[in-house]
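> Once you've had a glance at the structure underneath, I'll fire off some questions.
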Amino acid sequence: LASKLGLTGSPDQKVLDVGCGIGGPMRNICRFTSADITGLTLNPYQVERGNELCQTQDNPAVKDKCRSVQGDFMDMPFADDSFDAAYAIEATCHAPDRVGVYSEIKRVLKPGCIFACYEWCMTDSYDPTNPQHLHIKKQIEEGDGLPDICHTSHCLEALKKSGFEILYERDVALDDYGKGGKPWNLPLTPSWNPFTQRFQFNWLGFRLTNVMIYMLEMLRLAPQGTVKTQQMLQQGGFGCAAGGSNDQIFTPMYLMVARVPSGSSTTPEEKKDE
């Protein structure tokens with residue numbers, strides 16, 4: 001992903017991580033590119049934890065060039081033309097409006113600069129009249145706190161409507177994994193090996209996990225609501241595992257790379273009209 005951003009290796013280049021979480025990719029991309037990276041997340045805990053982790057890094061560049069700030073990616077707290085590149089990893093799928101979030105990303109990017117992202121999408125294999133496909137889609141949406149999951153074509157069209165020039169797009173989940181490679185959804189598929197986290201996805205592991213968490217909750221060793229949270233997350237795991245198997249109706253790795261047209265800049269009047 002970093003290699004698609006058009007960075008030159010200059011330490012003065014400023015990059016935006018849209019929906020950074022606690023900043024793992026941000027710190028890795030900083031090591032890889034030496035760029036100055038600002039991560040944006042709505043969650044105050046993630047801001048605090050992400051900044052703590054940045055300051056514990058052995059690499060001095062990461063300490064000085066990575067930081068997380070709180071904000072809404074639908075209304076970013078940055079001036080127009082602030083960044084030399086931007087990326088999003090499994091983040092903008094949470095946006096209520098793709099055109100809205102992509103337009104806001106375009107606003108804070110300088111003309112001629114690049115935005116690259118991985119999106120969670122339904123693929124061409126998805127059949128909205130198939131009850132099983134609908135069930136899988138609902139599991140992913142509810143288990144991962146998503147609005148309606150878009151088709152890949154919807155995301156691509158939204159990026160165009162936002163004013164970006166499309167440079168590249170493909171579903172990376174369809175790539176050949178090579179010798180020894182494993183499918184992206186393998187960690188979410190059931191296993192009867194009790195020494196792997198995949199054990200929780202078979203029927204017995206699912207029940208045992210929930211019983212143990214229920215006991216911890218009853219003993220007040222886990223916060224109230226932990227069982228419901230675990231069940232919700234497991235449903236998301238079941239959905240992702242099924243969506244990435246067989247028909248491959250779902251992908252978490254739809255890669256899009258786009259550029260702000262040269263000479264493009266959002267004026268205050270254009271921003272008001274949007």
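Residues in the structure tokens are numbered from 1 in each chain, the chains being A, B, ... in the order shown, and ligands are numbered from 1 in the order shown.
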Return as a PyMOL selection string the full set of residues in range 9-226 of chain A whose backbone-based DSSP assignment is alpha helix (DSSP H).
chain A and resi 24-33+44-55+60-65+98-108+131-143+152-161+203-218+226
> Could you pull out the strand (DSSP E) residues of range 81-128 of chain A from DSSP and send them as number ranges by chain?
A: 83-89, 109-122
> Kindly save the residues from that selection, with N, CA, C and O atoms included, as a PDB file, in the first residue's frame.

ATOM      1  N   PHE A  83      -2.053  17.646   2.968  1.00  0.00           N
ATOM      2  CA  PHE A  83      -1.264  16.417   2.947  1.00  0.00           C
ATOM      3  C   PHE A  83      -0.763  16.073   1.544  1.00  0.00           C
ATOM      4  O   PHE A  83      -1.383  16.418   0.541  1.00  0.00           O
ATOM      5  N   ASP A  84       0.376  15.349   1.527  1.00  0.00           N
ATOM      6  CA  ASP A  84       1.001  14.914   0.280  1.00  0.00           C
ATOM      7  C   ASP A  84       0.535  13.527  -0.154  1.00  0.00           C
ATOM      8  O   ASP A  84       0.835  13.088  -1.272  1.00  0.00           O
ATOM      9  N   ALA A  85      -0.143  12.820   0.711  1.00  0.00           N
ATOM     10  CA  ALA A  85      -0.689  11.495   0.394  1.00  0.00           C
ATOM     11  C   ALA A  85      -1.647  11.104   1.517  1.00  0.00           C
ATOM     12  O   ALA A  85      -1.577  11.647   2.628  1.00  0.00           O
ATOM     13  N   ALA A  86      -2.534  10.157   1.220  1.00  0.00           N
ATOM     14  CA  ALA A  86      -3.451   9.648   2.237  1.00  0.00           C
ATOM     15  C   ALA A  86      -3.759   8.185   1.932  1.00  0.00           C
ATOM     16  O   ALA A  86      -3.724   7.765   0.771  1.00  0.00           O
ATOM     17  N   TYR A  87      -4.053   7.438   2.975  1.00  0.00           N
ATOM     18  CA  TYR A  87      -4.452   6.046   2.794  1.00  0.00           C
ATOM     19  C   TYR A  87      -5.479   5.670   3.859  1.00  0.00           C
ATOM     20  O   TYR A  87      -5.595   6.330   4.905  1.00  0.00           O
ATOM     21  N   ALA A  88      -6.225   4.612   3.580  1.00  0.00           N
ATOM     22  CA  ALA A  88      -7.196   4.080   4.533  1.00  0.00           C
ATOM     23  C   ALA A  88      -7.178   2.565   4.429  1.00  0.00           C
ATOM     24  O   ALA A  88      -7.173   2.020   3.320  1.00  0.00           O
ATOM     25  N   ILE A  89      -7.147   1.911   5.567  1.00  0.00           N
ATOM     26  CA  ILE A  89      -7.118   0.450   5.608  1.00  0.00           C
ATOM     27  C   ILE A  89      -8.337  -0.042   6.380  1.00  0.00           C
ATOM     28  O   ILE A  89      -8.413   0.130   7.605  1.00  0.00           O
ATOM     29  N   LEU A 109      -6.100  16.779   0.578  1.00  0.00           N
ATOM     30  CA  LEU A 109      -4.929  16.406  -0.220  1.00  0.00           C
ATOM     31  C   LEU A 109      -4.533  17.542  -1.166  1.00  0.00           C
ATOM     32  O   LEU A 109      -5.388  18.246  -1.700  1.00  0.00           O
ATOM     33  N   LYS A 110      -3.244  17.681  -1.383  1.00  0.00           N
ATOM     34  CA  LYS A 110      -2.757  18.657  -2.341  1.00  0.00           C
ATOM     35  C   LYS A 110      -3.038  18.177  -3.765  1.00  0.00           C
ATOM     36  O   LYS A 110      -3.114  16.970  -4.015  1.00  0.00           O
ATOM     37  N   PRO A 111      -3.197  19.100  -4.717  1.00  0.00           N
ATOM     38  CA  PRO A 111      -3.398  18.697  -6.113  1.00  0.00           C
ATOM     39  C   PRO A 111      -2.271  17.789  -6.606  1.00  0.00           C
ATOM     40  O   PRO A 111      -1.097  18.004  -6.302  1.00  0.00           O
ATOM     41  N   GLY A 112      -2.638  16.759  -7.353  1.00  0.00           N
ATOM     42  CA  GLY A 112      -1.661  15.822  -7.894  1.00  0.00           C
ATOM     43  C   GLY A 112      -1.251  14.715  -6.949  1.00  0.00           C
ATOM     44  O   GLY A 112      -0.479  13.829  -7.330  1.00  0.00           O
ATOM     45  N   CYS A 113      -1.779  14.727  -5.722  1.00  0.00           N
ATOM     46  CA  CYS A 113      -1.369  13.727  -4.724  1.00  0.00           C
ATOM     47  C   CYS A 113      -2.322  12.533  -4.706  1.00  0.00           C
ATOM     48  O   CYS A 113      -3.424  12.577  -5.255  1.00  0.00           O
ATOM     49  N   ILE A 114      -1.879  11.463  -4.060  1.00  0.00           N
ATOM     50  CA  ILE A 114      -2.526  10.153  -4.202  1.00  0.00           C
ATOM     51  C   ILE A 114      -3.200   9.689  -2.916  1.00  0.00           C
ATOM     52  O   ILE A 114      -2.694   9.904  -1.804  1.00  0.00           O
ATOM     53  N   PHE A 115      -4.339   9.041  -3.104  1.00  0.00           N
ATOM     54  CA  PHE A 115      -5.064   8.346  -2.041  1.00  0.00           C
ATOM     55  C   PHE A 115      -5.170   6.874  -2.415  1.00  0.00           C
ATOM     56  O   PHE A 115      -5.554   6.538  -3.533  1.00  0.00           O
ATOM     57  N   ALA A 116      -4.803   5.989  -1.483  1.00  0.00           N
ATOM     58  CA  ALA A 116      -4.912   4.547  -1.706  1.00  0.00           C
ATOM     59  C   ALA A 116      -5.657   3.925  -0.532  1.00  0.00           C
ATOM     60  O   ALA A 116      -5.467   4.336   0.612  1.00  0.00           O
ATOM     61  N   CYS A 117      -6.500   2.944  -0.821  1.00  0.00           N
ATOM     62  CA  CYS A 117      -7.253   2.349   0.287  1.00  0.00           C
ATOM     63  C   CYS A 117      -7.606   0.894   0.003  1.00  0.00           C
ATOM     64  O   CYS A 117      -7.679   0.454  -1.147  1.00  0.00           O
ATOM     65  N   TYR A 118      -7.803   0.169   1.092  1.00  0.00           N
ATOM     66  CA  TYR A 118      -8.391  -1.163   1.054  1.00  0.00           C
ATOM     67  C   TYR A 118      -9.821  -1.045   1.573  1.00  0.00           C
ATOM     68  O   TYR A 118     -10.049  -0.533   2.671  1.00  0.00           O
ATOM     69  N   GLU A 119     -10.785  -1.509   0.796  1.00  0.00           N
ATOM     70  CA  GLU A 119     -12.192  -1.450   1.175  1.00  0.00           C
ATOM     71  C   GLU A 119     -12.756  -2.837   1.428  1.00  0.00           C
ATOM     72  O   GLU A 119     -12.322  -3.814   0.817  1.00  0.00           O
ATOM     73  N   TRP A 120     -13.724  -2.912   2.344  1.00  0.00           N
ATOM     74  CA  TRP A 120     -14.529  -4.119   2.516  1.00  0.00           C
ATOM     75  C   TRP A 120     -15.709  -4.010   1.559  1.00  0.00           C
ATOM     76  O   TRP A 120     -16.477  -3.040   1.622  1.00  0.00           O
ATOM     77  N   CYS A 121     -15.868  -4.980   0.670  1.00  0.00           N
ATOM     78  CA  CYS A 121     -16.895  -4.902  -0.378  1.00  0.00           C
ATOM     79  C   CYS A 121     -17.520  -6.264  -0.671  1.00  0.00           C
ATOM     80  O   CYS A 121     -16.906  -7.307  -0.421  1.00  0.00           O
ATOM     81  N   MET A 122     -18.716  -6.221  -1.239  1.00  0.00           N
ATOM     82  CA  MET A 122     -19.300  -7.398  -1.854  1.00  0.00           C
ATOM     83  C   MET A 122     -18.769  -7.471  -3.288  1.00  0.00           C
ATOM     84  O   MET A 122     -18.524  -6.438  -3.930  1.00  0.00           O
TER      85      MET A 122
END
> Using only C-alpha atoms, which protein or nucleic acid residues come within 10 Å of range 24-38 of chain A? Drop anything in the same chain fewer than 6 positions from it, and give the result as a PyMOL selection string.
chain A and resi 1-3+5+7-18+50+53-54+57+59-69+83-89
> Which residues are near range 193-202 of chain A? Cut-off 10 Å, only C-alpha atoms, ignore same chain within fewer than 4 positions. Put them as a PDB file with C-alpha atoms, in the first residue's frame.

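Result saved to part-v4.pdb:
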ATOM      1  CA  LEU A 186      -8.160 -19.011   7.211  1.00  0.00           C
ATOM      2  CA  PRO A 187      -7.759 -17.657  10.793  1.00  0.00           C
ATOM      3  CA  LEU A 188     -11.563 -17.304  10.938  1.00  0.00           C
ATOM      4  CA  THR A 189     -12.402 -20.845   9.802  1.00  0.00           C
ATOM      5  CA  PHE A 206     -18.124 -21.498  20.331  1.00  0.00           C
ATOM      6  CA  ARG A 207     -20.169 -22.803  23.257  1.00  0.00           C
ATOM      7  CA  LEU A 208     -17.193 -23.290  25.583  1.00  0.00           C
ATOM      8  CA  THR A 209     -15.887 -19.795  24.887  1.00  0.00           C
ATOM      9  CA  ASN A 210     -19.228 -18.230  25.676  1.00  0.00           C
ATOM     10  CA  GLN A 234     -17.914 -14.219  16.521  1.00  0.00           C
ATOM     11  CA  GLN A 235     -20.846 -13.715  14.168  1.00  0.00           C
ATOM     12  CA  GLY A 237     -15.977 -13.888  12.077  1.00  0.00           C
ATOM     13  CA  PHE A 238     -18.398 -16.530  10.823  1.00  0.00           C
ATOM     14  CA  ALA A 241     -15.040 -16.843   6.858  1.00  0.00           C
TER      15      ALA A 241
END
> For Tyr254 in chain A, which of A:Lys161, A:Lys182, A:His154, A:Arg220 is the closest residue, counting only C-alpha atoms?
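With only C-alpha atoms as the atom set, the closest residue is A:His154.
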> For Ile249 in chain A, list every protein, DNA or RNA residue within 12 Å, evaluated using only C-alpha atoms, and leave out those in the same chain fewer than 5 positions away; present the list as a PDB file with N, CA and C atoms, in the first residue's frame.

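File produced: selection.pdb:
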ATOM      1  N   TRP A 120     -13.724  -2.912   2.344  1.00  0.00           N
ATOM      2  CA  TRP A 120     -14.529  -4.119   2.516  1.00  0.00           C
ATOM      3  C   TRP A 120     -15.709  -4.010   1.559  1.00  0.00           C
ATOM      4  N   CYS A 121     -15.868  -4.980   0.670  1.00  0.00           N
ATOM      5  CA  CYS A 121     -16.895  -4.902  -0.378  1.00  0.00           C
ATOM      6  C   CYS A 121     -17.520  -6.264  -0.671  1.00  0.00           C
ATOM      7  N   MET A 122     -18.716  -6.221  -1.239  1.00  0.00           N
ATOM      8  CA  MET A 122     -19.300  -7.398  -1.854  1.00  0.00           C
ATOM      9  C   MET A 122     -18.769  -7.471  -3.288  1.00  0.00           C
ATOM     10  N   THR A 123     -18.565  -8.670  -3.776  1.00  0.00           N
ATOM     11  CA  THR A 123     -17.963  -8.871  -5.096  1.00  0.00           C
ATOM     12  C   THR A 123     -19.033  -9.185  -6.147  1.00  0.00           C
ATOM     13  N   ASP A 124     -18.593  -9.421  -7.373  1.00  0.00           N
ATOM     14  CA  ASP A 124     -19.518  -9.779  -8.450  1.00  0.00           C
ATOM     15  C   ASP A 124     -20.211 -11.111  -8.190  1.00  0.00           C
ATOM     16  N   SER A 125     -19.643 -11.933  -7.332  1.00  0.00           N
ATOM     17  CA  SER A 125     -20.247 -13.233  -7.029  1.00  0.00           C
ATOM     18  C   SER A 125     -21.429 -13.115  -6.070  1.00  0.00           C
ATOM     19  N   TYR A 126     -21.569 -11.970  -5.441  1.00  0.00           N
ATOM     20  CA  TYR A 126     -22.672 -11.773  -4.490  1.00  0.00           C
ATOM     21  C   TYR A 126     -24.009 -11.679  -5.222  1.00  0.00           C
ATOM     22  N   ASP A 127     -24.983 -12.451  -4.754  1.00  0.00           N
ATOM     23  CA  ASP A 127     -26.322 -12.468  -5.337  1.00  0.00           C
ATOM     24  C   ASP A 127     -27.319 -11.961  -4.290  1.00  0.00           C
ATOM     25  N   PRO A 128     -27.850 -10.748  -4.446  1.00  0.00           N
ATOM     26  CA  PRO A 128     -28.755 -10.189  -3.440  1.00  0.00           C
ATOM     27  C   PRO A 128     -30.084 -10.925  -3.320  1.00  0.00           C
ATOM     28  N   ASN A 130     -30.078 -14.293  -3.118  1.00  0.00           N
ATOM     29  CA  ASN A 130     -29.712 -15.560  -2.486  1.00  0.00           C
ATOM     30  C   ASN A 130     -29.790 -15.409  -0.966  1.00  0.00           C
ATOM     31  N   GLN A 132     -28.751 -17.213   1.496  1.00  0.00           N
ATOM     32  CA  GLN A 132     -27.503 -17.511   2.186  1.00  0.00           C
ATOM     33  C   GLN A 132     -26.522 -16.346   2.054  1.00  0.00           C
ATOM     34  N   HIS A 133     -26.453 -15.758   0.881  1.00  0.00           N
ATOM     35  CA  HIS A 133     -25.588 -14.602   0.679  1.00  0.00           C
ATOM     36  C   HIS A 133     -26.027 -13.431   1.552  1.00  0.00           C
ATOM     37  N   LEU A 134     -27.336 -13.223   1.648  1.00  0.00           N
ATOM     38  CA  LEU A 134     -27.862 -12.142   2.483  1.00  0.00           C
ATOM     39  C   LEU A 134     -27.533 -12.372   3.952  1.00  0.00           C
ATOM     40  N   HIS A 135     -27.611 -13.627   4.383  1.00  0.00           N
ATOM     41  CA  HIS A 135     -27.297 -13.966   5.772  1.00  0.00           C
ATOM     42  C   HIS A 135     -25.822 -13.692   6.076  1.00  0.00           C
ATOM     43  N   ILE A 136     -24.938 -14.085   5.179  1.00  0.00           N
ATOM     44  CA  ILE A 136     -23.503 -13.848   5.365  1.00  0.00           C
ATOM     45  C   ILE A 136     -23.218 -12.351   5.434  1.00  0.00           C
ATOM     46  N   LYS A 137     -23.808 -11.601   4.534  1.00  0.00           N
ATOM     47  CA  LYS A 137     -23.627 -10.146   4.501  1.00  0.00           C
ATOM     48  C   LYS A 137     -24.086  -9.517   5.817  1.00  0.00           C
ATOM     49  N   ILE A 140     -21.601 -10.132   8.698  1.00  0.00           N
ATOM     50  CA  ILE A 140     -20.430  -9.254   8.624  1.00  0.00           C
ATOM     51  C   ILE A 140     -20.792  -7.852   9.082  1.00  0.00           C
ATOM     52  N   ILE A 149     -22.888  -2.929   3.349  1.00  0.00           N
ATOM     53  CA  ILE A 149     -21.626  -3.168   2.640  1.00  0.00           C
ATOM     54  C   ILE A 149     -21.839  -2.950   1.144  1.00  0.00           C
ATOM     55  N   CYS A 150     -21.014  -2.104   0.555  1.00  0.00           N
ATOM     56  CA  CYS A 150     -21.158  -1.740  -0.859  1.00  0.00           C
ATOM     57  C   CYS A 150     -20.536  -2.792  -1.772  1.00  0.00           C
ATOM     58  N   HIS A 151     -20.982  -2.806  -2.999  1.00  0.00           N
ATOM     59  CA  HIS A 151     -20.327  -3.573  -4.049  1.00  0.00           C
ATOM     60  C   HIS A 151     -19.059  -2.835  -4.467  1.00  0.00           C
ATOM     61  N   THR A 152     -18.092  -3.558  -4.990  1.00  0.00           N
ATOM     62  CA  THR A 152     -16.837  -2.934  -5.423  1.00  0.00           C
ATOM     63  C   THR A 152     -17.078  -1.802  -6.425  1.00  0.00           C
ATOM     64  N   ASP A 171      -9.081  -6.541  -6.802  1.00  0.00           N
ATOM     65  CA  ASP A 171      -9.381  -7.290  -5.587  1.00  0.00           C
ATOM     66  C   ASP A 171      -8.164  -8.136  -5.238  1.00  0.00           C
ATOM     67  N   ALA A 173      -7.669  -9.984  -2.794  1.00  0.00           N
ATOM     68  CA  ALA A 173      -8.015 -11.298  -2.246  1.00  0.00           C
ATOM     69  C   ALA A 173      -7.999 -12.384  -3.314  1.00  0.00           C
ATOM     70  N   LEU A 174      -8.066 -11.990  -4.586  1.00  0.00           N
ATOM     71  CA  LEU A 174      -8.067 -12.967  -5.676  1.00  0.00           C
ATOM     72  C   LEU A 174      -6.660 -13.303  -6.157  1.00  0.00           C
ATOM     73  N   GLY A 239     -19.245 -14.754   9.406  1.00  0.00           N
ATOM     74  CA  GLY A 239     -19.623 -14.152   8.136  1.00  0.00           C
ATOM     75  C   GLY A 239     -18.433 -13.938   7.218  1.00  0.00           C
ATOM     76  N   CYS A 240     -17.330 -13.425   7.778  1.00  0.00           N
ATOM     77  CA  CYS A 240     -16.127 -13.198   6.967  1.00  0.00           C
ATOM     78  C   CYS A 240     -15.561 -14.507   6.434  1.00  0.00           C
ATOM     79  N   ALA A 241     -15.564 -15.541   7.284  1.00  0.00           N
ATOM     80  CA  ALA A 241     -15.040 -16.843   6.858  1.00  0.00           C
ATOM     81  C   ALA A 241     -15.861 -17.395   5.698  1.00  0.00           C
ATOM     82  N   ALA A 242     -17.188 -17.320   5.828  1.00  0.00           N
ATOM     83  CA  ALA A 242     -18.061 -17.837   4.772  1.00  0.00           C
ATOM     84  C   ALA A 242     -17.996 -16.958   3.529  1.00  0.00           C
ATOM     85  N   GLY A 243     -17.916 -15.645   3.719  1.00  0.00           N
ATOM     86  CA  GLY A 243     -17.892 -14.726   2.584  1.00  0.00           C
ATOM     87  C   GLY A 243     -16.634 -14.852   1.746  1.00  0.00           C
ATOM     88  N   GLY A 244     -15.534 -15.283   2.380  1.00  0.00           N
ATOM     89  CA  GLY A 244     -14.280 -15.431   1.650  1.00  0.00           C
ATOM     90  C   GLY A 244     -14.040 -16.829   1.124  1.00  0.00           C
TER      91      GLY A 244
END
> Pick the closest to Pro252 in chain A from A:Gly23, A:Pro183, A:Gly225, A:Pro131: which is it, counting only C-alpha atoms?
A:Pro183
> As an exercise, work out the distance from CA of Gly71 in chain A to CA of Gly6 in chain A in Å and give it to one decimal place.
25.4 Å
> Would you mind reading off the distance between CA of Gln70 in chain A and CA of Leu42 in chain A, one decimal, in Å?
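Atom-to-atom, CA of Gln70 in chain A to CA of Leu42 in chain A, that is 5.3 Å.
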> Compile the contact shell of Phe164 in chain A as a PyMOL selection string: residues with an atom at most 6 Å away, counting only C-alpha atoms, same-chain residues fewer than 5 positions apart removed.
chain A and resi 159+258-260
> To one decimal place in Å, what is the distance between CA of Gly145 in chain A and CA of His94 in chain A?
7.6 Å
